[in-house]
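Asker: Below is the file target_3.cif, with mmCIF, C-alpha atoms.
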data_coords
loop_
_atom_site.group_PDB
_atom_site.id
_atom_site.type_symbol
_atom_site.label_atom_id
_atom_site.label_comp_id
_atom_site.auth_asym_id
_atom_site.auth_seq_id
_atom_site.Cartn_x
_atom_site.Cartn_y
_atom_site.Cartn_z
ATOM 1 C CA MET Y 19 -190.665 5.632 162.405
ATOM 2 C CA ALA Y 20 -192.752 7.863 160.151
ATOM 3 C CA GLN Y 21 -194.075 6.882 156.759
ATOM 4 C CA VAL Y 22 -192.442 8.828 153.943
ATOM 5 C CA GLU Y 23 -194.241 9.421 150.639
ATOM 6 C CA ALA Y 24 -193.147 10.859 147.302
ATOM 7 C CA THR Y 25 -195.668 11.417 144.494
ATOM 8 C CA THR Y 26 -195.152 12.762 140.982
ATOM 9 C CA GLU Y 27 -197.535 12.968 138.043
ATOM 10 C CA ARG Y 28 -197.547 13.913 134.388
ATOM 11 C CA VAL Y 29 -199.969 14.051 131.470
ATOM 12 C CA VAL Y 30 -198.535 12.189 128.489
ATOM 13 C CA ALA Y 31 -199.656 12.626 124.867
ATOM 14 C CA ALA Y 32 -200.393 8.929 124.268
ATOM 15 C CA ASP Y 33 -203.372 6.771 125.169
ATOM 16 C CA ALA Y 34 -203.434 5.062 128.547
ATOM 17 C CA GLU Y 35 -203.115 1.510 127.216
ATOM 18 C CA LYS Y 36 -199.932 2.346 125.290
ATOM 19 C CA VAL Y 37 -198.411 4.125 128.300
ATOM 20 C CA PHE Y 38 -199.318 1.313 130.700
ATOM 21 C CA ASP Y 39 -197.901 -1.313 128.330
ATOM 22 C CA ALA Y 40 -194.631 0.639 128.123
ATOM 23 C CA LEU Y 41 -194.372 0.866 131.935
ATOM 24 C CA ALA Y 42 -195.185 -2.836 132.339
ATOM 25 C CA ASP Y 43 -192.518 -3.821 129.771
ATOM 26 C CA TYR Y 44 -189.704 -4.475 132.245
ATOM 27 C CA SER Y 45 -187.694 -6.478 129.716
ATOM 28 C CA GLY Y 46 -187.706 -3.622 127.169
ATOM 29 C CA THR Y 47 -189.077 -0.111 127.612
ATOM 30 C CA ARG Y 48 -188.660 0.207 131.385
ATOM 31 C CA ALA Y 49 -184.881 -0.185 131.232
ATOM 32 C CA LYS Y 50 -184.730 2.527 128.526
ATOM 33 C CA VAL Y 51 -186.613 5.132 130.576
ATOM 34 C CA LEU Y 52 -184.579 4.863 133.777
ATOM 35 C CA PRO Y 53 -182.137 7.745 134.369
ATOM 36 C CA GLN Y 54 -178.551 7.443 135.645
ATOM 37 C CA HIS Y 55 -179.793 7.069 139.245
ATOM 38 C CA PHE Y 56 -180.598 3.421 138.459
ATOM 39 C CA SER Y 57 -177.888 0.786 137.983
ATOM 40 C CA GLU Y 58 -177.484 -3.000 137.886
ATOM 41 C CA TYR Y 59 -180.916 -3.352 136.232
ATOM 42 C CA GLU Y 60 -181.889 -6.999 135.796
ATOM 43 C CA VAL Y 61 -185.178 -8.785 135.139
ATOM 44 C CA ARG Y 62 -184.989 -11.995 137.182
ATOM 45 C CA GLU Y 63 -188.461 -13.412 136.480
ATOM 46 C CA GLY Y 64 -191.183 -12.580 133.983
ATOM 47 C CA GLY Y 65 -190.642 -9.246 132.319
ATOM 48 C CA ASP Y 66 -194.150 -8.062 131.480
ATOM 49 C CA GLY Y 67 -196.224 -6.708 134.369
ATOM 50 C CA GLU Y 68 -197.754 -9.070 136.930
ATOM 51 C CA GLY Y 69 -195.314 -11.690 138.196
ATOM 52 C CA THR Y 70 -192.170 -9.811 137.199
ATOM 53 C CA LEU Y 71 -189.248 -9.793 139.615
ATOM 54 C CA VAL Y 72 -186.792 -7.008 138.809
ATOM 55 C CA HIS Y 73 -183.616 -5.815 140.495
ATOM 56 C CA TRP Y 74 -181.900 -2.439 140.435
ATOM 57 C CA LYS Y 75 -179.850 -0.155 142.610
ATOM 58 C CA LEU Y 76 -181.295 3.309 143.126
ATOM 59 C CA GLN Y 77 -178.787 6.026 143.983
ATOM 60 C CA ALA Y 78 -180.907 8.795 145.440
ATOM 61 C CA THR Y 79 -177.910 10.849 146.632
ATOM 62 C CA SER Y 80 -174.142 10.473 146.456
ATOM 63 C CA LYS Y 81 -174.227 8.558 149.746
ATOM 64 C CA ARG Y 82 -177.660 6.871 149.648
ATOM 65 C CA ILE Y 83 -177.895 3.750 147.478
ATOM 66 C CA ARG Y 84 -180.871 1.428 147.854
ATOM 67 C CA ASP Y 85 -180.577 -2.186 146.624
ATOM 68 C CA CYS Y 86 -184.084 -3.015 145.339
ATOM 69 C CA LEU Y 87 -185.598 -6.394 144.475
ATOM 70 C CA LEU Y 88 -189.123 -5.645 143.325
ATOM 71 C CA GLU Y 89 -192.113 -7.956 142.947
ATOM 72 C CA VAL Y 90 -194.599 -6.556 140.441
ATOM 73 C CA SER Y 91 -198.367 -6.968 140.700
ATOM 74 C CA GLU Y 92 -201.338 -5.486 138.847
ATOM 75 C CA PRO Y 93 -204.106 -5.188 141.468
ATOM 76 C CA THR Y 94 -206.433 -3.192 139.170
ATOM 77 C CA ASP Y 95 -206.544 -2.111 135.520
ATOM 78 C CA GLY Y 96 -203.979 0.579 134.807
ATOM 79 C CA GLU Y 97 -202.058 -0.017 138.042
ATOM 80 C CA LEU Y 98 -198.614 -1.520 138.633
ATOM 81 C CA VAL Y 99 -197.383 -2.075 142.194
ATOM 82 C CA GLU Y 100 -193.689 -2.718 142.877
ATOM 83 C CA LYS Y 101 -193.002 -4.113 146.368
ATOM 84 C CA ASP Y 102 -189.374 -4.175 147.453
ATOM 85 C CA ARG Y 103 -188.351 -7.463 149.101
ATOM 86 C CA ASN Y 104 -185.378 -5.678 150.711
ATOM 87 C CA SER Y 105 -187.279 -2.896 152.492
ATOM 88 C CA SER Y 106 -190.703 -1.429 153.267
ATOM 89 C CA MET Y 107 -190.698 0.532 149.977
ATOM 90 C CA VAL Y 108 -193.754 0.205 147.721
ATOM 91 C CA THR Y 109 -194.099 2.095 144.436
ATOM 92 C CA THR Y 110 -197.458 2.358 142.676
ATOM 93 C CA TRP Y 111 -197.842 3.483 139.063
ATOM 94 C CA ARG Y 112 -201.359 4.505 137.950
ATOM 95 C CA VAL Y 113 -202.196 5.260 134.339
ATOM 96 C CA THR Y 114 -205.632 6.717 133.523
ATOM 97 C CA PRO Y 115 -207.139 8.354 130.427
ATOM 98 C CA ALA Y 116 -206.853 12.169 130.412
ATOM 99 C CA GLY Y 117 -208.767 13.183 127.315
ATOM 100 C CA GLU Y 118 -208.405 12.343 123.640
ATOM 101 C CA GLY Y 119 -205.105 10.522 123.068
ATOM 102 C CA LYS Y 120 -203.721 11.534 126.470
ATOM 103 C CA SER Y 121 -203.123 9.821 129.789
ATOM 104 C CA ARG Y 122 -202.241 10.803 133.323
ATOM 105 C CA VAL Y 123 -199.385 8.889 134.954
ATOM 106 C CA VAL Y 124 -199.107 9.093 138.746
ATOM 107 C CA VAL Y 125 -196.189 7.434 140.527
ATOM 108 C CA SER Y 126 -196.216 7.235 144.309
ATOM 109 C CA THR Y 127 -193.617 5.646 146.583
ATOM 110 C CA VAL Y 128 -194.063 5.051 150.306
ATOM 111 C CA TRP Y 129 -191.698 3.585 152.869
ATOM 112 C CA ASN Y 130 -191.076 3.536 156.609
ATOM 113 C CA GLY Y 131 -188.576 6.280 157.329
ATOM 114 C CA ALA Y 132 -185.933 6.477 160.000
ATOM 115 C CA GLY Y 133 -186.647 7.767 163.480
ATOM 116 C CA GLY Y 134 -185.217 10.811 165.241
ATOM 117 C CA ILE Y 135 -183.465 13.699 163.539
ATOM 118 C CA GLY Y 136 -182.448 11.479 160.595
ATOM 119 C CA GLY Y 137 -186.096 10.660 160.046
ATOM 120 C CA PHE Y 138 -186.993 14.353 160.095
ATOM 121 C CA PHE Y 139 -184.471 15.087 157.337
ATOM 122 C CA GLU Y 140 -185.533 12.015 155.363
ATOM 123 C CA LYS Y 141 -189.208 13.013 155.510
ATOM 124 C CA THR Y 142 -188.309 16.593 154.564
ATOM 125 C CA PHE Y 143 -185.853 16.028 151.694
ATOM 126 C CA ALA Y 144 -186.267 12.478 150.311
ATOM 127 C CA PRO Y 145 -189.670 13.117 148.652
ATOM 128 C CA LYS Y 146 -188.247 16.087 146.726
ATOM 129 C CA GLY Y 147 -185.211 14.104 145.580
ATOM 130 C CA LEU Y 148 -187.253 11.090 144.569
ATOM 131 C CA GLY Y 149 -189.719 13.407 142.827
ATOM 132 C CA ARG Y 150 -186.895 14.804 140.681
ATOM 133 C CA ILE Y 151 -185.806 11.261 139.782
ATOM 134 C CA TYR Y 152 -189.374 10.308 138.813
ATOM 135 C CA ASP Y 153 -189.690 13.513 136.770
ATOM 136 C CA GLU Y 154 -186.748 12.235 134.708
ATOM 137 C CA VAL Y 155 -188.386 8.812 134.340
ATOM 138 C CA LEU Y 156 -191.638 10.431 133.208
ATOM 139 C CA ASP Y 157 -189.772 12.694 130.732
ATOM 140 C CA LYS Y 158 -188.127 9.653 129.174
ATOM 141 C CA LEU Y 159 -191.380 7.671 129.226
ATOM 142 C CA ALA Y 160 -193.192 10.512 127.441
ATOM 143 C CA ALA Y 161 -190.433 10.722 124.816
ATOM 144 C CA GLU Y 162 -190.694 6.964 124.281
ATOM 145 C CA VAL Y 163 -194.497 6.674 123.923
ATOM 146 C CA GLU Y 164 -195.088 9.970 122.084
ATOM 147 C CA LYS Y 165 -192.912 8.870 119.134
#
In structure tokens, write the structure found in this file.

Answerer:
Amino acid sequence: MAQVEATTERVVAADAEKVFDALADYSGTRAKVLPQHFSEYEVREGGDGEGTLVHWKLQATSKRIRDCLLEVSEPTDGELVEKDRNSSMVTTWRVTPAGEGKSRVVVSTVWNGAGGIGGFFEKTFAPKGLGRIYDEVLDKLAAEVEK
């Protein structure tokens, strides 16, 4: 089983605190910035950063749907970590200042991939697909915080 990683980043024209607060707002902003690949979104505990428990289904391809139940932590300033209780998947969001009134958002997801030929294809194609999904999330996030 090989570890699979997908990373995407974007500079957003809003200060880091505003962007982080929007990402950590699971009961409001986060639901608004998720594209059609996400369904059955539900905040089950908390709703603002650390201590939040959120559920969604992520449809990465027409055949691949992942049922996610994510525990949210904030290990350091500007960092949200979403650990999936249903799999090995961990997504980390980092928001850092990137100049006057700008911030850099980096989202990285890692998980234990399948073995064999299936694992080869997963490691080859899944990061690109997940990267496209996160590009959509970051587009919507930018539109939301740059208002």

Asker: As an exercise, work out the distance from CA of Thr127 (chain Y) to CA of Lys165 (chain Y) in Å and give it to one decimal place.

Answerer: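 Rounded to one decimal, the two atoms are 27.6 Å apart.
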
Asker: Quick one: apply the PyMOL selection byres ((chain Y and resi 56-70) around 7) to the file and drop the selected residues here as a short mmCIF file (atom, residue, chain, number, x, y, z; two decimals) with C-alpha atoms, in the coordinates of the input.

Answerer:
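The resulting file, out_25.cif, is reproduced below:
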data_model
loop_
_atom_site.label_atom_id
_atom_site.label_comp_id
_atom_site.auth_asym_id
_atom_site.auth_seq_id
_atom_site.Cartn_x
_atom_site.Cartn_y
_atom_site.Cartn_z
CA ALA Y 42 -195.18 -2.84 132.34
CA ASP Y 43 -192.52 -3.82 129.77
CA TYR Y 44 -189.70 -4.47 132.24
CA SER Y 45 -187.69 -6.48 129.72
CA LEU Y 52 -184.58 4.86 133.78
CA PRO Y 53 -182.14 7.74 134.37
CA GLN Y 54 -178.55 7.44 135.65
CA HIS Y 55 -179.79 7.07 139.24
CA LEU Y 71 -189.25 -9.79 139.62
CA VAL Y 72 -186.79 -7.01 138.81
CA HIS Y 73 -183.62 -5.82 140.50
CA TRP Y 74 -181.90 -2.44 140.44
CA LYS Y 75 -179.85 -0.16 142.61
CA LEU Y 76 -181.30 3.31 143.13
CA GLN Y 77 -178.79 6.03 143.98
CA GLU Y 89 -192.11 -7.96 142.95
CA VAL Y 90 -194.60 -6.56 140.44
CA SER Y 91 -198.37 -6.97 140.70
CA GLU Y 92 -201.34 -5.49 138.85
#

Asker: Rounded to one decimal, what separation in Å do you get between CA of Arg28 (chain Y) and CA of Val125 (chain Y)?

Answerer: 9.0 Å

Asker: Around (-200.0, 10.4, 137.1) in the file's frame, which residues reach within 7 Å when counting all atoms listed in the file? Return as a PyMOL selection string?

Answerer: chain Y and resi 26-29+112-113+122-125

Asker: Find the smallest box with edges along x, y and z containing every listed atom of region 93-111 of chain Y, then add 6 Å on each side and report centre and edge lengths in Å to one decimal, as lines of an AutoDock Vina configuration file.

Answerer:
center_x = -196.0
center_y = -2.0
center_z = 144.0
size_x = 33.2
size_y = 22.9
size_z = 30.5
